[in-house]
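Student: Got structure-v2.csv for you, CSV, C-alpha atoms and all ligand atoms:
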chain,number,residue,atom,x,y,z
I,1,MET,CA,-64.5,52.7,27.5
I,2,GLY,CA,-61.7,53.6,29.9
I,3,HIS,CA,-58.5,55.6,29.9
I,4,SER,CA,-55.1,53.9,29.4
I,5,GLU,CA,-52.7,54.7,32.2
I,6,LEU,CA,-49.7,54.1,30.0
I,7,THR,CA,-50.7,55.6,26.7
I,8,GLY,CA,-53.6,57.9,27.5
I,9,GLU,CA,-55.7,56.2,24.7
I,10,LEU,CA,-59.3,55.3,25.2
I,11,ILE,CA,-59.7,51.6,25.3
I,12,PRO,CA,-62.7,49.3,25.6
I,13,ARG,CA,-63.4,47.6,28.9
I,14,HIS,CA,-64.6,44.0,28.4
I,15,LEU,CA,-64.2,41.0,30.6
I,16,ASN,CA,-61.3,41.1,33.0
I,17,VAL,CA,-59.9,37.7,32.1
I,18,ARG,CA,-58.0,36.4,29.1
I,19,VAL,CA,-55.9,33.4,28.1
I,20,ILE,CA,-52.4,33.4,26.8
I,21,ALA,CA,-50.7,30.3,25.4
I,22,LYS,CA,-47.5,29.3,27.2
I,23,ASP,CA,-45.7,29.5,23.9
I,24,ASN,CA,-46.5,33.2,23.8
I,25,LEU,CA,-45.4,34.1,27.3
I,26,GLU,CA,-41.8,34.9,26.5
I,27,THR,CA,-42.9,37.1,23.6
I,28,PHE,CA,-45.2,38.9,26.0
I,29,LEU,CA,-42.4,39.4,28.5
I,30,GLY,CA,-40.1,40.7,25.8
I,31,GLY,CA,-42.8,43.2,24.7
I,32,LEU,CA,-43.2,44.5,28.3
I,33,ARG,CA,-39.8,46.1,28.0
I,34,GLU,CA,-41.5,48.9,26.2
I,35,PHE,CA,-43.1,49.9,29.5
I,36,GLY,CA,-40.2,49.4,31.9
I,37,GLU,CA,-37.5,47.1,33.2
I,38,VAL,CA,-38.8,43.6,33.5
I,39,PHE,CA,-37.8,41.4,36.4
I,40,GLY,CA,-38.7,37.8,37.2
I,41,PRO,CA,-37.6,34.6,38.9
I,42,VAL,CA,-34.4,33.0,37.5
I,43,GLU,CA,-32.5,30.0,38.8
I,44,LYS,CA,-29.4,31.2,40.7
I,45,GLU,CA,-28.3,27.7,41.5
I,46,ARG,CA,-30.0,24.3,41.5
I,47,GLY,CA,-33.4,24.8,43.1
I,48,ALA,CA,-32.6,28.3,44.4
I,49,TYR,CA,-34.5,31.2,42.7
I,50,ILE,CA,-33.9,34.9,42.8
I,51,TYR,CA,-35.7,37.9,41.3
I,52,ALA,CA,-33.4,39.4,38.6
I,53,GLN,CA,-33.7,41.6,35.6
I,54,LEU,CA,-34.8,39.6,32.6
I,55,THR,CA,-32.3,40.9,30.1
I,56,ASP,CA,-33.0,37.6,28.3
I,57,VAL,CA,-36.6,36.5,28.9
I,58,LYS,CA,-35.6,32.9,28.1
I,59,ASN,CA,-34.1,32.8,31.6
I,60,VAL,CA,-37.4,33.2,33.4
I,61,VAL,CA,-38.5,30.2,35.4
I,62,GLN,CA,-42.3,30.2,35.1
I,63,ASP,CA,-43.0,27.6,37.8
I,64,ALA,CA,-40.3,28.8,40.2
I,65,GLN,CA,-40.7,28.1,43.9
I,66,ARG,CA,-40.3,30.9,46.4
I,67,THR,CA,-37.3,33.2,45.7
I,68,VAL,CA,-34.6,33.6,48.3
I,69,LEU,CA,-35.4,37.3,48.8
I,70,PRO,CA,-38.9,38.6,48.4
I,71,PRO,CA,-39.9,41.5,46.2
I,72,LYS,CA,-39.4,44.0,49.0
I,73,LYS,CA,-35.8,44.4,47.8
I,74,TYR,CA,-37.1,46.5,44.9
I,75,LEU,CA,-39.0,48.9,47.2
I,76,TYR,CA,-36.9,48.9,50.3
I,77,PRO,CA,-33.3,48.2,49.3
I,78,GLN,CA,-31.0,46.4,51.7
I,79,LYS,CA,-28.8,49.4,52.0
I,80,GLU,CA,-29.2,53.0,50.7
I,81,GLU,CA,-28.0,56.5,51.1
I,82,LEU,CA,-30.6,58.7,52.7
I,83,PHE,CA,-28.7,62.0,52.2
I,84,ARG,CA,-25.3,63.6,51.9
I,85,PHE,CA,-24.0,66.2,54.4
I,86,SER,CA,-21.1,68.6,54.5
I,87,THR,CA,-19.9,71.2,57.0
I,88,GLN,CA,-20.2,73.8,54.2
I,89,GLU,CA,-23.6,73.1,52.7
I,90,GLY,CA,-25.5,71.2,55.4
I,91,TYR,CA,-27.8,68.4,54.3
I,92,ARG,CA,-28.4,67.5,50.6
I,93,LYS,CA,-30.8,64.8,49.4
I,94,PRO,CA,-29.5,62.4,46.7
I,95,GLU,CA,-30.1,63.6,43.2
I,96,SER,CA,-33.0,61.1,42.7
I,97,VAL,CA,-34.5,58.0,44.1
I,98,ASP,CA,-34.6,55.4,41.4
I,99,LYS,CA,-38.1,56.1,40.0
I,100,GLY,CA,-37.9,54.1,36.8
I,101,ARG,CA,-40.9,51.8,36.2
I,102,LYS,CA,-40.3,48.2,37.1
I,103,ILE,CA,-42.4,45.3,36.0
I,104,LEU,CA,-42.2,42.3,38.3
I,105,PHE,CA,-43.3,39.0,36.9
I,106,GLY,CA,-44.1,35.8,38.7
I,107,VAL,CA,-45.0,37.2,42.1
I,108,HIS,CA,-46.7,34.6,44.3
I,109,PRO,CA,-49.9,35.4,46.3
I,110,CYS,CA,-48.1,35.4,49.6
I,111,ASP,CA,-45.6,38.0,48.4
I,112,ILE,CA,-48.4,40.1,47.0
I,113,HIS,CA,-49.9,40.1,50.5
I,114,GLY,CA,-46.4,40.8,51.9
I,115,LEU,CA,-46.2,44.0,49.9
I,116,SER,CA,-49.6,45.1,51.1
I,117,ILE,CA,-48.4,44.6,54.7
I,118,LEU,CA,-45.3,46.7,54.0
I,119,ASP,CA,-47.6,49.3,52.4
I,120,LYS,CA,-49.5,49.6,55.7
I,121,VAL,CA,-46.3,49.9,57.7
I,122,PHE,CA,-44.7,52.5,55.5
I,123,ALA,CA,-47.9,54.5,55.1
I,124,GLY,CA,-48.4,54.5,58.9
I,125,ARG,CA,-47.0,56.7,61.7
I,126,TYR,CA,-43.7,57.2,59.8
I,127,HIS,CA,-44.6,57.7,56.2
I,128,GLU,CA,-41.7,56.6,54.0
I,129,PRO,CA,-41.8,58.5,50.6
I,130,ARG,CA,-38.9,56.6,49.0
I,131,TYR,CA,-40.8,53.4,49.4
I,132,PHE,CA,-43.9,54.9,47.8
I,133,ASP,CA,-41.9,56.6,45.0
I,134,ARG,CA,-40.8,53.1,44.0
I,135,ARG,CA,-44.1,51.4,44.8
I,136,ASP,CA,-46.0,53.8,42.5
I,137,ASN,CA,-43.8,52.7,39.6
I,138,LEU,CA,-44.0,48.9,40.3
I,139,ILE,CA,-46.2,46.8,38.0
I,140,ILE,CA,-47.0,43.4,39.5
I,141,ILE,CA,-47.7,40.4,37.4
I,142,GLY,CA,-48.6,37.6,39.8
I,143,MET,CA,-48.4,33.9,39.3
I,144,ASN,CA,-50.3,31.2,41.1
I,145,CYS,CA,-47.8,28.7,42.5
I,146,LEU,CA,-48.0,25.2,44.0
I,147,PRO,CA,-47.3,24.8,47.7
I,148,ASP,CA,-44.4,22.7,49.1
I,149,GLU,CA,-44.0,21.3,52.6
I,150,ARG,CA,-42.7,24.7,53.9
I,151,CYS,CA,-45.7,26.8,52.8
I,152,PHE,CA,-48.4,27.6,55.3
I,153,CYS,CA,-50.0,30.6,53.5
I,154,TYR,CA,-53.3,28.7,53.4
I,155,SER,CA,-53.5,29.1,57.2
I,156,MET,CA,-52.5,32.7,57.0
I,157,GLY,CA,-55.2,33.5,54.5
I,158,THR,CA,-52.6,34.6,52.0
I,159,ASP,CA,-52.8,31.7,49.5
I,160,TRP,CA,-55.0,33.7,47.2
I,161,VAL,CA,-55.3,37.3,46.1
I,162,GLU,CA,-58.2,39.4,44.9
I,163,LYS,CA,-56.2,42.6,44.5
I,164,GLY,CA,-52.6,44.0,44.7
I,165,PHE,CA,-51.7,42.9,41.2
I,166,ASP,CA,-52.0,44.3,37.7
I,167,LEU,CA,-52.2,40.9,36.1
I,168,PHE,CA,-52.4,37.5,37.7
I,169,LEU,CA,-51.7,34.2,35.9
I,170,THR,CA,-52.9,30.7,36.8
I,171,GLU,CA,-51.5,27.8,34.8
I,172,LEU,CA,-54.0,25.7,32.9
I,173,GLU,CA,-52.6,23.0,30.6
I,174,ASP,CA,-50.7,24.6,27.7
I,175,SER,CA,-51.8,28.2,28.6
I,176,TYR,CA,-52.4,30.6,31.5
I,177,PHE,CA,-55.6,32.0,32.7
I,178,VAL,CA,-54.9,35.8,33.0
I,179,LYS,CA,-56.9,37.9,35.5
I,180,ILE,CA,-56.7,41.6,34.8
I,181,GLY,CA,-56.5,43.5,38.1
I,182,THR,CA,-56.0,47.1,37.1
I,183,SER,CA,-56.4,49.4,34.1
I,184,CYS,CA,-52.6,49.3,33.9
I,185,GLY,CA,-52.8,45.5,33.5
I,186,GLU,CA,-55.4,46.0,30.9
I,187,ASP,CA,-53.0,48.3,29.0
I,188,LEU,CA,-50.3,45.6,29.1
I,189,VAL,CA,-52.7,43.1,27.5
I,190,HIS,CA,-54.1,45.6,25.1
I,191,ALA,CA,-50.5,46.5,23.9
I,192,GLN,CA,-50.0,42.9,22.7
I,193,ALA,CA,-53.6,41.9,22.2
I,194,GLU,CA,-52.7,39.4,19.5
I,195,LEU,CA,-51.0,37.2,22.1
I,196,PHE,CA,-54.2,36.8,24.1
I,197,ARG,CA,-57.6,35.1,23.4
I,198,PRO,CA,-61.0,35.3,25.1
I,199,VAL,CA,-61.8,32.8,27.8
I,200,THR,CA,-63.9,29.7,26.8
I,201,ASP,CA,-66.2,27.6,29.0
I,202,GLU,CA,-63.6,24.9,28.8
I,203,ASP,CA,-60.9,27.3,30.2
I,204,ILE,CA,-63.2,28.2,33.1
I,205,GLN,CA,-63.8,24.6,33.9
I,206,LEU,CA,-60.1,23.8,33.8
I,207,TYR,CA,-59.4,26.9,35.9
I,208,LYS,CA,-61.8,25.8,38.6
I,209,GLU,CA,-60.3,22.3,38.7
I,210,ARG,CA,-56.8,23.8,39.0
I,211,VAL,CA,-57.8,26.0,41.9
I,212,ASN,CA,-59.5,23.1,43.7
I,213,GLU,CA,-56.5,20.8,43.1
I,214,ARG,CA,-54.2,23.4,44.5
I,215,ASN,CA,-56.3,24.0,47.6
I,216,LYS,CA,-55.9,20.2,48.4
I,217,MET,CA,-52.1,20.4,48.2
I,218,PHE,CA,-51.6,22.5,51.4
I,219,VAL,CA,-50.3,20.0,53.9
I,220,ASN,CA,-49.3,22.5,56.6
I,221,ARG,CA,-52.1,23.9,58.7
I,222,VAL,CA,-51.4,26.4,61.5
I,223,GLU,CA,-54.3,27.0,63.8
I,224,LEU,CA,-54.5,30.8,64.2
I,225,ALA,CA,-57.6,31.0,66.3
I,226,ASN,CA,-56.7,32.7,69.6
I,227,LEU,CA,-53.0,32.4,68.9
I,228,PRO,CA,-52.2,35.8,70.3
I,229,GLN,CA,-53.9,34.9,73.5
I,230,ILE,CA,-52.1,31.6,73.8
I,231,LEU,CA,-48.8,33.3,73.1
I,232,GLU,CA,-49.6,35.8,75.9
I,233,LEU,CA,-50.3,32.8,78.3
I,234,GLU,CA,-47.0,31.1,77.2
I,235,TYR,CA,-44.8,34.1,77.6
I,236,GLU,CA,-42.6,32.3,80.2
I,237,SER,CA,-42.7,29.0,78.3
I,238,GLU,CA,-39.6,26.8,78.2
I,239,VAL,CA,-40.0,26.7,74.4
I,240,TRP,CA,-38.3,30.1,74.2
I,241,GLU,CA,-35.3,29.0,76.2
I,242,GLU,CA,-35.0,26.0,74.0
I,243,LEU,CA,-35.2,28.1,70.8
I,244,GLY,CA,-32.6,30.5,72.3
I,245,ARG,CA,-30.2,27.6,72.7
I,246,LYS,CA,-30.6,26.6,69.0
I,247,CYS,CA,-30.7,30.1,67.4
I,248,LEU,CA,-27.4,31.4,66.0
I,249,SER,CA,-28.6,35.1,65.9
I,250,CYS,CA,-27.6,35.2,62.2
I,251,GLY,CA,-30.7,37.2,61.2
I,252,ALA,CA,-31.3,35.2,58.0
I,253,CYS,CA,-35.0,34.7,59.0
I,254,SER,CA,-35.5,38.5,59.0
I,255,ALA,CA,-33.5,39.2,55.9
I,256,VAL,CA,-35.6,36.8,53.8
I,257,CYS,CA,-39.0,37.7,55.3
I,258,PRO,CA,-41.3,39.6,53.0
I,259,THR,CA,-42.8,41.6,56.0
I,260,CYS,CA,-39.7,42.3,58.1
I,261,TYR,CA,-38.8,46.0,57.8
I,262,CYS,CA,-36.5,47.0,60.7
I,263,TYR,CA,-33.4,49.0,59.8
I,264,GLU,CA,-30.5,50.8,61.3
I,265,VAL,CA,-29.2,54.3,60.4
I,266,TYR,CA,-25.5,55.3,60.6
I,267,ASP,CA,-23.2,58.0,59.2
I,268,VAL,CA,-20.1,57.4,57.1
I,269,LEU,CA,-17.6,60.3,57.1
I,270,ASP,CA,-15.5,60.9,54.0
I,271,LEU,CA,-11.7,61.0,54.4
I,272,ASN,CA,-11.8,64.8,54.2
I,273,VAL,CA,-13.8,64.8,57.5
I,274,GLU,CA,-16.0,67.5,56.1
I,275,THR,CA,-18.5,65.5,54.0
I,276,GLY,CA,-20.3,62.3,54.5
I,277,SER,CA,-23.5,60.2,54.0
I,278,ARG,CA,-26.3,58.9,56.1
I,279,ILE,CA,-27.0,55.3,55.3
I,280,ARG,CA,-29.9,53.1,56.1
I,281,ARG,CA,-29.6,49.3,56.0
I,282,TRP,CA,-31.7,46.4,57.0
I,283,ASP,CA,-31.4,45.3,60.6
I,284,ALA,CA,-32.8,42.3,62.5
I,285,CYS,CA,-34.3,41.9,66.0
I,286,LEU,CA,-32.3,38.7,66.2
I,287,PHE,CA,-29.0,40.5,66.2
I,288,LYS,CA,-27.3,40.8,69.6
I,289,ASP,CA,-27.1,44.6,69.7
I,290,PHE,CA,-30.5,45.3,68.2
I,291,ALA,CA,-32.0,46.4,71.5
I,292,LYS,CA,-28.9,47.9,72.9
I,293,VAL,CA,-29.3,51.6,73.9
I,294,ALA,CA,-27.0,54.5,74.8
I,295,GLY,CA,-25.4,53.8,78.2
I,296,GLY,CA,-24.8,50.2,77.2
I,297,HIS,CA,-28.0,48.5,78.5
I,298,ASN,CA,-29.3,45.8,76.2
I,299,PHE,CA,-33.1,45.1,76.6
I,300,ARG,CA,-32.8,41.7,74.8
I,301,GLU,CA,-29.3,40.4,75.8
I,302,GLU,CA,-30.4,36.8,75.8
I,303,ARG,CA,-31.0,35.0,72.5
I,304,SER,CA,-34.2,33.5,73.8
I,305,THR,CA,-35.7,36.9,74.4
I,306,ARG,CA,-34.8,37.9,70.8
I,307,VAL,CA,-36.3,34.9,69.2
I,308,LYS,CA,-39.4,35.3,71.4
I,309,HIS,CA,-39.6,39.0,70.4
I,310,ARG,CA,-39.8,38.1,66.7
I,311,PHE,CA,-42.7,35.7,67.3
I,312,TYR,CA,-44.6,38.1,69.5
I,313,HIS,CA,-44.1,41.0,67.2
I,314,LYS,CA,-45.4,39.1,64.2
I,315,GLN,CA,-48.3,37.4,66.0
I,316,VAL,CA,-49.3,39.6,68.8
I,317,THR,CA,-48.3,43.3,68.7
I,318,PHE,CA,-48.6,43.6,64.9
I,319,VAL,CA,-52.1,42.1,65.2
I,320,GLU,CA,-52.9,44.7,67.8
I,321,GLU,CA,-51.7,47.5,65.5
I,322,PHE,CA,-52.7,46.4,62.1
I,323,GLY,CA,-55.4,43.8,62.7
I,324,ARG,CA,-53.5,40.8,61.2
I,325,PRO,CA,-50.2,38.9,61.8
I,326,SER,CA,-47.2,40.1,59.9
I,327,CYS,CA,-46.5,36.7,58.5
I,328,VAL,CA,-47.7,35.5,55.2
I,329,GLY,CA,-46.7,31.8,55.5
I,330,CYS,CA,-44.2,31.9,52.7
I,331,GLY,CA,-41.9,29.4,54.4
I,332,ARG,CA,-38.7,31.4,53.6
I,333,CYS,CA,-37.5,31.5,57.3
I,334,VAL,CA,-38.2,27.8,57.6
I,335,THR,CA,-36.1,27.2,54.5
I,336,GLN,CA,-33.2,29.5,55.4
I,337,CYS,CA,-32.7,29.0,59.1
I,338,PRO,CA,-29.4,27.2,59.6
I,339,ALA,CA,-30.5,26.0,63.0
I,340,GLY,CA,-33.5,24.3,61.6
I,341,ILE,CA,-36.0,26.4,63.6
I,342,ASN,CA,-39.4,25.8,62.0
I,343,LEU,CA,-42.1,28.3,62.7
I,344,ILE,CA,-44.9,25.8,62.1
I,345,ASP,CA,-43.4,23.4,64.8
I,346,VAL,CA,-43.1,26.3,67.2
I,347,PHE,CA,-46.7,27.3,66.8
I,348,LYS,CA,-47.7,23.6,67.4
I,349,GLU,CA,-45.5,23.3,70.5
I,350,ILE,CA,-46.9,26.5,72.0
I,351,ARG,CA,-50.4,25.2,71.4
I,352,GLY,CA,-49.4,22.0,73.2
I,353,GLU,CA,-49.6,19.8,70.1
I,354,LYS,CA,-47.1,17.0,69.7
I,355,VAL,CA,-44.4,17.8,67.3
I,356,VAL,CA,-42.2,15.4,65.4
I,357,HIS,CA,-38.9,17.3,65.0
I,358,LYS,CA,-37.2,17.1,61.7
I,359,SER,CA,-34.6,19.2,59.9
I,360,ALA,CA,-36.0,22.0,57.8
I,361,ARG,CA,-33.5,21.2,55.0
X,401,LIG,S1,-42.1,34.8,59.3
X,401,LIG,FE1,-41.3,33.3,57.9
X,401,LIG,S2,-43.0,32.3,56.9
X,401,LIG,FE2,-43.8,34.2,57.9
X,401,LIG,S3,-43.7,35.7,56.2
X,401,LIG,FE3,-41.7,35.9,57.3
X,401,LIG,S4,-40.3,34.5,56.2
X,401,LIG,FE4,-42.4,34.0,55.5
X,402,LIG,S1,-32.4,32.2,60.8
X,402,LIG,FE1,-32.6,30.7,62.5
X,402,LIG,S2,-30.6,30.8,63.5
X,402,LIG,FE2,-30.7,32.6,62.2
X,402,LIG,S3,-31.5,34.2,63.6
X,402,LIG,FE3,-33.3,33.3,62.5
X,402,LIG,S4,-34.0,31.8,64.0
X,402,LIG,FE4,-31.9,32.3,64.6
Could I get this file's structure written as structure tokens?
Ligand code: SF4
Ligand code: SF4

Tutor:
Amino acid sequence: MGHSELTGELIPRHLNVRVIAKDNLETFLGGLREFGEVFGPVEKERGAYIYAQLTDVKNVVQDAQRTVLPPKKYLYPQKEELFRFSTQEGYRKPESVDKGRKILFGVHPCDIHGLSILDKVFAGRYHEPRYFDRRDNLIIIGMNCLPDERCFCYSMGTDWVEKGFDLFLTELEDSYFVKIGTSCGEDLVHAQAELFRPVTDEDIQLYKERVNERNKMFVNRVELANLPQILELEYESEVWEELGRKCLSCGACSAVCPTCYCYEVYDVLDLNVETGSRIRRWDACLFKDFAKVAGGHNFREERSTRVKHRFYHKQVTFVEEFGRPSCVGCGRCVTQCPAGINLIDVFKEIRGEKVVHKSAR
């Protein structure tokens, strides 16, 4: 027996896998509203998916490819007020950070890894309570996906998850294999137990076949062995100048990245010139003034140095600090870069491998 996180009831602990028929999934998602606001991938325009609130669960796209923005937007919003200030009262925190429980459906393995990387960053030297207030109220229902030509999560070791989810679904034929990751996930299943059935030997066989088939579908391989060392050796490479000539400094690659977390802070004064707000919003190391300091000096004036910095931060300095790269191989930057800069090609070029250049779109 175990204790339910959501209802406090004692519930039996059995196997941590179940099966749900595809026909029951929408009913299940509808029933989740009892526990919080439900979000999932919907089609914004043809072939472009975003996470949005599922006011109508029929809108969910169960086999959606990567969303434009990753789930970080729910934990670390693009722009938010940190506090209010006034000449009379000093500083005042906002009434409340949004602490309502959110249930996020359809999160791919790479994005679950992306969240665990952000957890490490925001729990580190500068603990960020707002992030964790939201994180503690986020329920993750993961979904196994099929890779396309821009994914390289297999190389980054992020194509699969063992933890970081409450439930995790893998498509079988007309059903999903449901792995229960936490007692909270167990509660969600228990609350609509009639929609689930126990796993059979046939399900397990099918599940193994599906996982094996999926593993064979990863066409992009990035060789990570000694990459930090090779990058150190290639610090003055012509590759960075070439990328600097292509890059538009638009910052799209950072905005869509599940592990980019840089921000800027600025004050907005009200018209009465007595009160105002301190705002935090996403920033990007690709922006021209990102490394500009008081006095006017810019440490990364050249575009080539900014592009290079992004690669080195993700693949060298982040590894030194956190023991792994801050890239999960989701392919979003490859998809969104208007200049067609493709991370996979850059890695190959730096390694001295021959690259056939083609547009990312
Ligand atoms: S660097 Fe690109 S591929 Fe890697 S996690 Fe960020 S957006 Fe995804
Ligand atoms: S998305 Fe492409 S063009 Fe825009 S800043 Fe990133 S690398 Fe440069």

Student: Show me a table, sorted first by chain and then by increasing residue number, of the residues of chain I having an atom at most 7 Å from ligand LIG 401 (chain X), each with its shortest atom pair and the distance in Å to one decimal, counting only C-alpha atoms and all ligand atoms and written as CSV.

Tutor:
residue,atom,partner,partner_atom,distance
I:Cys253,CA,X:LIG401,S4,6.0
I:Ser254,CA,X:LIG401,S4,6.8
I:Val256,CA,X:LIG401,S4,5.8
I:Cys257,CA,X:LIG401,S4,3.6
I:Pro258,CA,X:LIG401,S3,5.6
I:Thr259,CA,X:LIG401,FE3,5.9
I:Cys260,CA,X:LIG401,FE3,6.8
I:Ser326,CA,X:LIG401,S3,6.7
I:Cys327,CA,X:LIG401,FE2,3.7
I:Val328,CA,X:LIG401,S3,4.1
I:Gly329,CA,X:LIG401,S2,4.0
I:Cys330,CA,X:LIG401,FE4,3.9
I:Gly331,CA,X:LIG401,S2,4.0
I:Arg332,CA,X:LIG401,S4,4.4
I:Cys333,CA,X:LIG401,FE1,4.2
I:Val334,CA,X:LIG401,FE1,6.3
I:Leu343,CA,X:LIG401,FE1,7.0

Student: For region 162-165 of chain I, work out the shell of residues within 10 Å, counting only C-alpha atoms and skipping chain neighbours fewer than 4 positions away, then give it as a list in words.

Tutor: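 The neighbour list is Leu104, Val107, Pro109, Asp111, Ile112, His113, Leu115, Ser116, Leu138, Ile139, Ile140, Ile141, Gly142, Met143, Lys179, Ile180, Gly181, Thr182, Cys184 and Gly185 of chain I.
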
Student: Kindly provide, as an MDAnalysis selection string, all nucleotide and amino acid residues lying within 7 Å of ligand LIG 402 (chain X), counting all atoms listed in the file.

Tutor: chainID I and resid 246:254 286 307 333 336:341

Student: Please give the centre and size of the box around region 90-101 of chain I (axis-aligned, containing every atom listed in the file, 4 Å added per side), with values in Å to one decimal and written as lines of an AutoDock Vina configuration file.

Tutor:
center_x = -33.2
center_y = 61.5
center_z = 45.8
size_x = 23.4
size_y = 27.4
size_z = 27.2

Student: Sort by chain and increasing residue number a table of all residues of region 62-174 of chain I within 7 Å of region 34-41 of chain I, each with its closest pair of atoms and their distance in Å to one decimal, counting all atoms listed in the file, and write it as JSON lines.

Tutor:
{"residue": "I:Ala64", "atom": "CA", "partner": "I:Pro41", "partner_atom": "CA", "distance": 6.5}
{"residue": "I:Thr67", "atom": "CA", "partner": "I:Pro41", "partner_atom": "CA", "distance": 6.9}
{"residue": "I:Arg101", "atom": "CA", "partner": "I:Gly36", "partner_atom": "CA", "distance": 5.0}
{"residue": "I:Lys102", "atom": "CA", "partner": "I:Glu37", "partner_atom": "CA", "distance": 4.9}
{"residue": "I:Ile103", "atom": "CA", "partner": "I:Val38", "partner_atom": "CA", "distance": 4.7}
{"residue": "I:Leu104", "atom": "CA", "partner": "I:Phe39", "partner_atom": "CA", "distance": 4.9}
{"residue": "I:Phe105", "atom": "CA", "partner": "I:Gly40", "partner_atom": "CA", "distance": 4.8}
{"residue": "I:Gly106", "atom": "CA", "partner": "I:Gly40", "partner_atom": "CA", "distance": 6.0}

Student: Write out, as a compact mmCIF listing (two decimals), in the coordinates of the input, the residues just selected, with C-alpha atoms.

Tutor:
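The resulting file, out-v1.txt, is reproduced below:
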# COMPACT_ATOMS: atom_id res chain seq x y z
CA ALA I 64 -40.30 28.80 40.20
CA THR I 67 -37.30 33.20 45.70
CA ARG I 101 -40.90 51.80 36.20
CA LYS I 102 -40.30 48.20 37.10
CA ILE I 103 -42.40 45.30 36.00
CA LEU I 104 -42.20 42.30 38.30
CA PHE I 105 -43.30 39.00 36.90
CA GLY I 106 -44.10 35.80 38.70

Student: Skipping near chain neighbours, those fewer than 6 positions away, what residues fall within 9 Å of Leu231 (chain I) using all atoms listed in the file, listed as a list in words?

Tutor: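 What passes the distance filter is Phe311, Tyr312, Gln315, Val316, Phe347, Ile350 and Arg351 of chain I.
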
Student: So, with all atoms listed in the file as the atoms that count, which of I:Lys58, I:His108, I:Arg92, I:Arg280 lies closest to Val265 (chain I)?

Tutor: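 Checking each candidate against Val265 (chain I), we get I:Arg280 as the closest.
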
Student: Find, counting all atoms listed in the file, the residue in I:Thr305, I:Asn16, I:Thr275, I:Gln78 that gets nearest to Glu236 (chain I).

Tutor: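 Residue with the minimum atom-to-atom distance to Glu236 (chain I): I:Thr305.
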
Student: So how many Å separate CA of Glu209 (chain I) and CA of Met156 (chain I), to one decimal?

Tutor: 22.4 Å

Student: Can you list, as a list in words, every protein, DNA or RNA residue that comes within 12 Å of Phe322 (chain I) when you count all atoms listed in the file, leaving out same-chain residues fewer than 6 positions away?

Tutor: Ser116, Ile117, Leu118, Asp119, Lys120, Val121, Ala123, Gly124, Arg125, His313, Lys314, Gln315 and Val316 of chain I

Student: Could you give me, as a PyMOL selection string, the residues that have an atom at most 7 Å away from the point (-52.4, 38.7, 64.7) in the coordinates of the file, using all atoms listed in the file?

Tutor: chain I and resi 228+315-316+318-320+323-325

Student: Go through I:Phe152, I:Tyr235, I:Phe287, I:Trp282 one by one, measure the shortest atom-to-atom distance of each to Val219 (chain I) using all atoms listed in the file, and give the residue with the smallest value.

Tutor: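 Smallest separation from Val219 (chain I) among the options: I:Phe152.
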
Student: Within 12 Å of Pro129 (chain I), counting only C-alpha atoms, which residues qualify if same-chain residues fewer than 5 places away don't, as a PDB file with C-alpha atoms, in the coordinates of the input?

Tutor:
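Below is the file that was written, around.pdb:
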ATOM      1  CA  LEU I  75     -39.000  48.900  47.200  1.00  0.00           C
ATOM      2  CA  TYR I  76     -36.900  48.900  50.300  1.00  0.00           C
ATOM      3  CA  LEU I  82     -30.600  58.700  52.700  1.00  0.00           C
ATOM      4  CA  VAL I  97     -34.500  58.000  44.100  1.00  0.00           C
ATOM      5  CA  LYS I  99     -38.100  56.100  40.000  1.00  0.00           C
ATOM      6  CA  ASP I 119     -47.600  49.300  52.400  1.00  0.00           C
ATOM      7  CA  PHE I 122     -44.700  52.500  55.500  1.00  0.00           C
ATOM      8  CA  ALA I 123     -47.900  54.500  55.100  1.00  0.00           C
ATOM      9  CA  GLY I 124     -48.400  54.500  58.900  1.00  0.00           C
ATOM     10  CA  ARG I 134     -40.800  53.100  44.000  1.00  0.00           C
ATOM     11  CA  ARG I 135     -44.100  51.400  44.800  1.00  0.00           C
ATOM     12  CA  ASP I 136     -46.000  53.800  42.500  1.00  0.00           C
TER      13      ASP I 136
END

Student: CA of Thr87 (chain I) and CA of Gly276 (chain I) are how many Å apart?

Tutor: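 Value for the CA of Thr87 (chain I)-CA of Gly276 (chain I) distance: 9.3 Å.
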
Student: Quick one: pull the distance between CA of Lys288 (chain I) and CA of Arg300 (chain I), Å, one decimal.

Tutor: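 Between CA of Lys288 (chain I) and CA of Arg300 (chain I) the gap works out to 7.6 Å.
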